[in-house]
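Novice: My file is my_file.txt. It has compact mmCIF, N, CA and C atoms and all ligand atoms:
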# COMPACT_ATOMS: atom_id res chain seq x y z
N MET A 28 1.83 70.42 2.19
CA MET A 28 1.61 69.96 3.57
C MET A 28 2.89 69.31 4.08
N SER A 29 3.42 69.76 5.18
CA SER A 29 4.64 69.16 5.71
C SER A 29 4.28 67.95 6.56
N SER A 30 4.75 66.81 6.12
CA SER A 30 4.43 65.61 6.87
C SER A 30 5.15 65.63 8.20
N GLY A 31 4.51 65.15 9.21
CA GLY A 31 5.15 65.10 10.51
C GLY A 31 4.70 66.22 11.42
N SER A 32 4.12 67.26 10.86
CA SER A 32 3.74 68.39 11.68
C SER A 32 2.58 68.06 12.61
N ARG A 33 1.84 67.01 12.25
CA ARG A 33 0.69 66.66 13.08
C ARG A 33 0.97 65.47 14.00
N VAL A 34 2.19 64.98 13.97
CA VAL A 34 2.52 63.85 14.84
C VAL A 34 2.45 64.30 16.30
N VAL A 35 1.86 63.44 17.10
CA VAL A 35 1.68 63.79 18.51
C VAL A 35 2.89 63.35 19.33
N TYR A 36 3.44 64.25 20.09
CA TYR A 36 4.56 63.92 20.96
C TYR A 36 4.08 64.01 22.41
N SER A 37 4.58 63.13 23.21
CA SER A 37 4.31 63.29 24.63
C SER A 37 5.65 63.34 25.34
N SER A 38 5.82 64.28 26.21
CA SER A 38 7.13 64.54 26.80
C SER A 38 7.67 63.31 27.52
N GLY A 39 8.92 63.00 27.22
CA GLY A 39 9.58 61.93 27.93
C GLY A 39 9.38 60.54 27.34
N GLN A 40 8.32 60.36 26.56
CA GLN A 40 8.05 59.01 26.07
C GLN A 40 8.25 58.87 24.57
N GLY A 41 8.67 59.93 23.93
CA GLY A 41 8.87 59.83 22.49
C GLY A 41 7.56 59.87 21.74
N ARG A 42 7.57 59.30 20.54
CA ARG A 42 6.43 59.40 19.66
C ARG A 42 5.26 58.52 20.12
N VAL A 43 4.07 59.03 19.94
CA VAL A 43 2.88 58.26 20.28
C VAL A 43 2.19 57.85 18.99
N CYS A 44 1.80 56.59 18.91
CA CYS A 44 1.13 56.11 17.70
C CYS A 44 -0.23 56.79 17.57
N PRO A 45 -0.49 57.40 16.40
CA PRO A 45 -1.78 58.07 16.23
C PRO A 45 -2.94 57.08 16.12
N GLY A 46 -2.62 55.82 15.84
CA GLY A 46 -3.68 54.82 15.67
C GLY A 46 -4.26 54.36 16.99
N CYS A 47 -3.41 54.12 17.98
CA CYS A 47 -3.89 53.53 19.22
C CYS A 47 -3.61 54.41 20.44
N GLY A 48 -2.74 55.42 20.28
CA GLY A 48 -2.46 56.31 21.40
C GLY A 48 -1.39 55.81 22.34
N PHE A 49 -0.87 54.61 22.05
CA PHE A 49 0.23 54.09 22.86
C PHE A 49 1.56 54.59 22.28
N PRO A 50 2.63 54.58 23.08
CA PRO A 50 3.94 54.96 22.51
C PRO A 50 4.25 54.10 21.30
N ALA A 51 4.90 54.71 20.29
CA ALA A 51 5.14 54.01 19.04
C ALA A 51 5.89 52.70 19.24
N ASN A 52 6.79 52.66 20.22
CA ASN A 52 7.54 51.42 20.42
C ASN A 52 6.74 50.37 21.18
N ALA A 53 5.53 50.71 21.58
CA ALA A 53 4.65 49.75 22.23
C ALA A 53 3.28 49.79 21.55
N CYS A 54 3.30 50.00 20.23
CA CYS A 54 2.07 50.14 19.46
C CYS A 54 1.13 48.96 19.67
N ARG A 55 -0.14 49.27 19.87
CA ARG A 55 -1.13 48.20 20.14
C ARG A 55 -2.10 48.01 18.97
N CYS A 56 -1.86 48.71 17.87
CA CYS A 56 -2.80 48.64 16.75
C CYS A 56 -3.11 47.21 16.32
N LYS A 57 -2.05 46.42 16.11
CA LYS A 57 -2.26 45.05 15.64
C LYS A 57 -3.01 44.23 16.67
N ALA A 58 -2.64 44.38 17.93
CA ALA A 58 -3.29 43.62 19.00
C ALA A 58 -4.76 44.02 19.10
N LEU A 59 -5.03 45.31 18.98
CA LEU A 59 -6.40 45.79 19.09
C LEU A 59 -7.23 45.29 17.91
N ALA A 60 -6.64 45.29 16.72
CA ALA A 60 -7.36 44.83 15.54
C ALA A 60 -7.68 43.35 15.66
N ALA A 61 -6.72 42.57 16.19
CA ALA A 61 -6.91 41.13 16.32
C ALA A 61 -7.93 40.80 17.40
N ALA A 62 -8.14 41.71 18.32
CA ALA A 62 -9.01 41.44 19.46
C ALA A 62 -10.49 41.52 19.11
N ARG A 63 -10.81 42.05 17.96
CA ARG A 63 -12.23 42.12 17.60
C ARG A 63 -12.51 41.53 16.22
N PRO A 64 -12.43 40.19 16.13
CA PRO A 64 -12.63 39.52 14.84
C PRO A 64 -14.04 39.70 14.31
N ALA A 65 -15.03 39.85 15.19
CA ALA A 65 -16.42 39.94 14.71
C ALA A 65 -16.91 41.38 14.70
N GLY A 66 -16.00 42.31 14.80
CA GLY A 66 -16.39 43.72 14.80
C GLY A 66 -16.94 44.13 13.45
N PRO A 67 -17.57 45.28 13.41
CA PRO A 67 -18.15 45.76 12.15
C PRO A 67 -17.12 45.76 11.03
N ALA A 68 -17.55 45.25 9.87
CA ALA A 68 -16.66 45.19 8.72
C ALA A 68 -16.43 46.58 8.15
N GLY A 69 -17.33 47.46 8.42
CA GLY A 69 -17.21 48.80 7.90
C GLY A 69 -18.31 49.63 8.52
N PRO A 70 -18.51 50.83 8.03
CA PRO A 70 -19.63 51.60 8.55
C PRO A 70 -20.94 50.87 8.24
N VAL A 71 -21.87 50.93 9.19
CA VAL A 71 -23.16 50.29 8.96
C VAL A 71 -24.00 51.21 8.09
N ARG A 72 -24.46 50.68 6.97
CA ARG A 72 -25.23 51.49 6.04
C ARG A 72 -26.61 50.90 5.81
N VAL A 73 -27.57 51.80 5.74
CA VAL A 73 -28.94 51.38 5.48
C VAL A 73 -29.33 51.95 4.13
N ALA A 74 -29.47 51.06 3.16
CA ALA A 74 -29.71 51.51 1.79
C ALA A 74 -30.96 50.87 1.21
N ARG A 75 -31.48 51.46 0.19
CA ARG A 75 -32.65 50.91 -0.48
C ARG A 75 -32.20 50.23 -1.76
N GLN A 76 -32.76 49.05 -2.02
CA GLN A 76 -32.45 48.35 -3.25
C GLN A 76 -33.74 47.93 -3.88
N THR A 77 -33.79 48.06 -5.20
CA THR A 77 -34.98 47.58 -5.88
C THR A 77 -34.65 46.24 -6.49
N GLN A 78 -35.53 45.29 -6.25
CA GLN A 78 -35.33 43.97 -6.81
C GLN A 78 -35.89 43.95 -8.21
N GLY A 79 -35.36 43.08 -9.01
CA GLY A 79 -35.71 42.98 -10.43
C GLY A 79 -37.17 43.19 -10.77
N ARG A 80 -37.93 42.11 -10.75
CA ARG A 80 -39.31 42.19 -11.22
C ARG A 80 -40.22 42.99 -10.30
N GLY A 81 -41.04 43.79 -10.88
CA GLY A 81 -42.00 44.55 -10.08
C GLY A 81 -41.40 45.80 -9.47
N GLY A 82 -40.08 45.80 -9.31
CA GLY A 82 -39.40 46.98 -8.77
C GLY A 82 -39.73 47.26 -7.33
N LYS A 83 -40.23 46.24 -6.60
CA LYS A 83 -40.52 46.45 -5.19
C LYS A 83 -39.22 46.54 -4.42
N GLY A 84 -39.10 47.54 -3.60
CA GLY A 84 -37.83 47.77 -2.94
C GLY A 84 -37.64 46.99 -1.66
N VAL A 85 -36.39 46.80 -1.29
CA VAL A 85 -36.06 46.28 0.02
C VAL A 85 -35.08 47.25 0.64
N THR A 86 -35.08 47.30 1.95
CA THR A 86 -34.10 48.11 2.66
C THR A 86 -33.01 47.16 3.14
N VAL A 87 -31.77 47.48 2.82
CA VAL A 87 -30.65 46.58 3.09
C VAL A 87 -29.71 47.20 4.11
N ILE A 88 -29.38 46.41 5.14
CA ILE A 88 -28.44 46.89 6.15
C ILE A 88 -27.13 46.13 5.98
N THR A 89 -26.07 46.84 5.69
CA THR A 89 -24.77 46.21 5.48
C THR A 89 -23.76 46.69 6.52
N GLY A 90 -22.71 45.89 6.70
CA GLY A 90 -21.60 46.30 7.57
C GLY A 90 -21.82 46.03 9.04
N LEU A 91 -22.81 45.21 9.39
CA LEU A 91 -23.11 44.97 10.80
C LEU A 91 -22.02 44.15 11.48
N GLY A 92 -21.45 43.20 10.74
CA GLY A 92 -20.37 42.39 11.31
C GLY A 92 -20.77 41.60 12.54
N LEU A 93 -22.00 41.09 12.55
CA LEU A 93 -22.47 40.31 13.70
C LEU A 93 -22.38 38.82 13.40
N ALA A 94 -22.33 38.03 14.47
CA ALA A 94 -22.38 36.58 14.32
C ALA A 94 -23.77 36.20 13.81
N ALA A 95 -23.86 35.05 13.14
CA ALA A 95 -25.10 34.63 12.49
C ALA A 95 -26.30 34.65 13.43
N ALA A 96 -26.12 34.14 14.64
CA ALA A 96 -27.24 34.08 15.59
C ALA A 96 -27.72 35.49 15.96
N ASP A 97 -26.77 36.39 16.13
CA ASP A 97 -27.13 37.77 16.46
C ASP A 97 -27.82 38.46 15.29
N LEU A 98 -27.36 38.13 14.09
CA LEU A 98 -27.98 38.71 12.90
C LEU A 98 -29.43 38.26 12.79
N GLU A 99 -29.67 36.96 13.02
CA GLU A 99 -31.03 36.42 12.94
C GLU A 99 -31.94 37.09 13.96
N LYS A 100 -31.40 37.27 15.16
CA LYS A 100 -32.18 37.88 16.23
C LYS A 100 -32.49 39.34 15.88
N LEU A 101 -31.48 40.07 15.42
CA LEU A 101 -31.67 41.47 15.07
C LEU A 101 -32.66 41.59 13.91
N ALA A 102 -32.51 40.71 12.92
CA ALA A 102 -33.40 40.76 11.75
C ALA A 102 -34.85 40.54 12.19
N ARG A 103 -35.04 39.59 13.10
CA ARG A 103 -36.39 39.29 13.59
C ARG A 103 -36.99 40.53 14.28
N GLU A 104 -36.19 41.18 15.09
CA GLU A 104 -36.69 42.34 15.82
C GLU A 104 -36.94 43.53 14.89
N LEU A 105 -36.09 43.67 13.89
CA LEU A 105 -36.28 44.78 12.96
C LEU A 105 -37.50 44.56 12.08
N LYS A 106 -37.74 43.30 11.71
CA LYS A 106 -38.94 42.98 10.92
C LYS A 106 -40.19 43.35 11.71
N GLN A 107 -40.16 42.99 13.00
CA GLN A 107 -41.28 43.33 13.88
C GLN A 107 -41.46 44.84 13.97
N ARG A 108 -40.34 45.52 14.13
CA ARG A 108 -40.35 46.98 14.29
C ARG A 108 -40.96 47.64 13.05
N CYS A 109 -40.66 47.08 11.89
CA CYS A 109 -41.16 47.66 10.63
C CYS A 109 -42.49 47.07 10.21
N GLY A 110 -42.89 45.98 10.86
CA GLY A 110 -44.11 45.29 10.45
C GLY A 110 -44.00 44.76 9.05
N SER A 111 -42.82 44.25 8.73
CA SER A 111 -42.52 43.85 7.37
C SER A 111 -41.78 42.53 7.36
N GLY A 112 -41.74 41.92 6.19
CA GLY A 112 -40.96 40.70 6.05
C GLY A 112 -39.50 41.04 5.84
N GLY A 113 -38.67 40.01 5.87
CA GLY A 113 -37.26 40.26 5.63
C GLY A 113 -36.46 39.00 5.86
N ARG A 114 -35.15 39.10 5.72
CA ARG A 114 -34.30 37.92 5.90
C ARG A 114 -32.86 38.35 6.08
N VAL A 115 -32.06 37.38 6.54
CA VAL A 115 -30.62 37.60 6.58
C VAL A 115 -30.08 37.05 5.27
N ALA A 116 -29.43 37.90 4.51
CA ALA A 116 -28.89 37.49 3.22
C ALA A 116 -27.40 37.22 3.33
N GLU A 117 -26.84 36.72 2.25
CA GLU A 117 -25.42 36.42 2.19
C GLU A 117 -24.56 37.61 2.58
N GLY A 118 -23.45 37.33 3.24
CA GLY A 118 -22.51 38.39 3.58
C GLY A 118 -22.92 39.17 4.83
N GLY A 119 -23.79 38.58 5.65
CA GLY A 119 -24.17 39.25 6.89
C GLY A 119 -25.04 40.47 6.68
N VAL A 120 -25.81 40.44 5.59
CA VAL A 120 -26.68 41.56 5.25
C VAL A 120 -28.10 41.27 5.71
N ILE A 121 -28.75 42.27 6.27
CA ILE A 121 -30.17 42.10 6.63
C ILE A 121 -31.02 42.84 5.61
N GLU A 122 -32.00 42.15 5.07
CA GLU A 122 -32.92 42.76 4.11
C GLU A 122 -34.30 42.86 4.74
N ILE A 123 -34.90 44.03 4.66
CA ILE A 123 -36.26 44.22 5.13
C ILE A 123 -37.08 44.70 3.95
N GLN A 124 -38.22 44.06 3.72
CA GLN A 124 -39.03 44.43 2.57
C GLN A 124 -39.66 45.80 2.74
N GLY A 125 -39.59 46.57 1.66
CA GLY A 125 -40.18 47.90 1.68
C GLY A 125 -39.14 48.96 2.03
N GLU A 126 -39.59 50.20 2.03
CA GLU A 126 -38.71 51.33 2.33
C GLU A 126 -38.83 51.69 3.80
N HIS A 127 -37.79 51.33 4.57
CA HIS A 127 -37.82 51.58 6.01
C HIS A 127 -36.52 52.22 6.50
N ARG A 128 -35.86 52.96 5.62
CA ARG A 128 -34.55 53.48 6.01
C ARG A 128 -34.59 54.33 7.27
N ASP A 129 -35.54 55.24 7.34
CA ASP A 129 -35.59 56.13 8.51
C ASP A 129 -35.84 55.36 9.79
N THR A 130 -36.80 54.44 9.72
CA THR A 130 -37.13 53.62 10.89
C THR A 130 -35.92 52.80 11.33
N LEU A 131 -35.24 52.20 10.36
CA LEU A 131 -34.13 51.31 10.69
C LEU A 131 -32.92 52.07 11.22
N VAL A 132 -32.62 53.22 10.62
CA VAL A 132 -31.50 54.03 11.12
C VAL A 132 -31.79 54.44 12.56
N ALA A 133 -33.02 54.86 12.82
CA ALA A 133 -33.39 55.29 14.17
C ALA A 133 -33.30 54.13 15.15
N GLU A 134 -33.78 52.96 14.72
CA GLU A 134 -33.79 51.79 15.60
C GLU A 134 -32.36 51.31 15.88
N LEU A 135 -31.51 51.29 14.87
CA LEU A 135 -30.13 50.86 15.07
C LEU A 135 -29.38 51.84 15.96
N THR A 136 -29.62 53.12 15.73
CA THR A 136 -28.98 54.16 16.55
C THR A 136 -29.37 53.99 18.01
N ARG A 137 -30.67 53.70 18.22
CA ARG A 137 -31.18 53.51 19.58
C ARG A 137 -30.45 52.33 20.25
N ARG A 138 -30.05 51.35 19.44
CA ARG A 138 -29.36 50.18 19.98
C ARG A 138 -27.86 50.39 20.08
N GLY A 139 -27.41 51.61 19.81
CA GLY A 139 -25.99 51.90 19.93
C GLY A 139 -25.17 51.54 18.71
N ILE A 140 -25.84 51.27 17.60
CA ILE A 140 -25.14 50.97 16.36
C ILE A 140 -25.17 52.23 15.49
N ALA A 141 -24.00 52.74 15.16
CA ALA A 141 -23.94 53.97 14.37
C ALA A 141 -24.22 53.68 12.91
N ALA A 142 -25.49 53.81 12.54
CA ALA A 142 -25.90 53.50 11.18
C ALA A 142 -26.11 54.78 10.38
N LYS A 143 -25.82 54.67 9.10
CA LYS A 143 -26.00 55.82 8.22
C LYS A 143 -26.92 55.46 7.08
N ARG A 144 -27.80 56.39 6.75
CA ARG A 144 -28.67 56.22 5.61
C ARG A 144 -27.83 56.38 4.35
N ALA A 145 -28.03 55.48 3.39
CA ALA A 145 -27.21 55.55 2.18
C ALA A 145 -28.10 55.41 0.95
N GLY A 146 -27.58 55.85 -0.16
CA GLY A 146 -28.26 55.71 -1.44
C GLY A 146 -29.40 56.69 -1.60
N GLY A 147 -30.05 56.63 -2.78
CA GLY A 147 -31.13 57.57 -3.07
C GLY A 147 -32.37 56.99 -2.58
ZN ZN B 1 -0.65 51.96 17.18
As structure tokens, how would this structure be written, given the file I've shared?
Ligand SMILES: [Zn+2]

Specialist:
Amino acid sequence: MSSGSRVVYSSGQGRVCPGCGFPANACRCKALAAARPAGPAGPVRVARQTQGRGGKGVTVITGLGLAAADLEKLARELKQRCGSGGRVAEGGVIEIQGEHRDTLVAELTRRGIAAKRAGG
């Protein structure tokens, strides 16, 4: 693979940064990254976890990157949506008791959060 063959050029302005689309000498990547401190830490994933005793599962939503108050609010609404218990766990994770991956992925998607079903 020849490096550089995919670099985007725009006539008259020289190289354009592939990260932000601004000219390389006016790259905005760092500024854009700094502008969203509470943005999603990663892709939002909805996974199933089995807790130790009894093997009763919980559905875990990771990567939301929301402020604590927003997490609490979202968790409350998702619990209602699933008719299940749940909580906000360490690391900004929402846990909902039982297997609700499909419901939660659909509900998050409806709210404009690109969530992906993960795990077996
Ligand atoms: Zn850039």

Novice: Mind listing the residues within 8 Å of ligand ZN 1 (chain B), all atoms listed in the file counted, as a VMD selection string?

Specialist: chain A and resid 43 to 51 53 to 58

Novice: What's the separation between atom C of Ala74 (chain A) and atom N of Ala60 (chain A), in Å to one decimal place?

Specialist: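 Taking atom C of Ala74 (chain A) as the start and atom N of Ala60 (chain A) as the end point, the length is 29.4 Å.
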
Novice: What separation in Å, quoted to one decimal, exists between atom C of Leu59 (chain A) and atom C of Arg144 (chain A)?

Specialist: 27.0 Å

Novice: Please report the interatomic distance between atom C of Asp97 (chain A) and atom N of Ala116 (chain A) in Å with one decimal.

Specialist: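 Straight-line distance from atom C of Asp97 (chain A) to atom N of Ala116 (chain A) works out to 10.9 Å.
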
Novice: Tell me which of A:Val115, A:Leu93, A:Val85, A:Val73 sits closest to Leu131 (chain A), counting only N, CA and C atoms.

Specialist: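 Of the candidates, the smallest distance to Leu131 (chain A) is held by A:Val73.
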
Novice: Find the residues near Gln107 (chain A): any atom within 12 Å, counting only C-alpha atoms, skip ones fewer than 4 places away on the same chain, and give them as a list in words.

Specialist: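 Near Gln107 (chain A), the qualifying residues are Lys100, Leu101, Ala102, Arg103, Ser111, Gly112, Gly113, Arg114, Ile123, Gln124, His127, Thr130, Leu131 and Glu134 of chain A.
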
Novice: Show which residues sit within 6.5 Å of Gln76 (chain A), as an NGL selection string. Count all atoms listed in the file, and ignore same-chain residues fewer than 6 positions away.

Specialist: :A and (83-87)

Novice: Kindly extract all protein, DNA and RNA residues lying within 8 Å of the coordinates (-27.3, 45.8, 7.6) given in the file, considering all atoms listed in the file, and supply them as a list in words.

Specialist: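 The answer, in the requested form, is Val71, Arg72, Val73, Ala74, Thr86, Val87, Ile88, Thr89, Gly90, Leu91, Gly92, Gly119, Val120, Ile121 and Glu122 of chain A.
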
Novice: Between A:Gly118, A:Pro70, A:Arg42, A:Gly125, single out the one closest to Ala141 (chain A), counting only N, CA and C atoms.

Specialist: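 Selected residue with least distance to Ala141 (chain A): A:Pro70.
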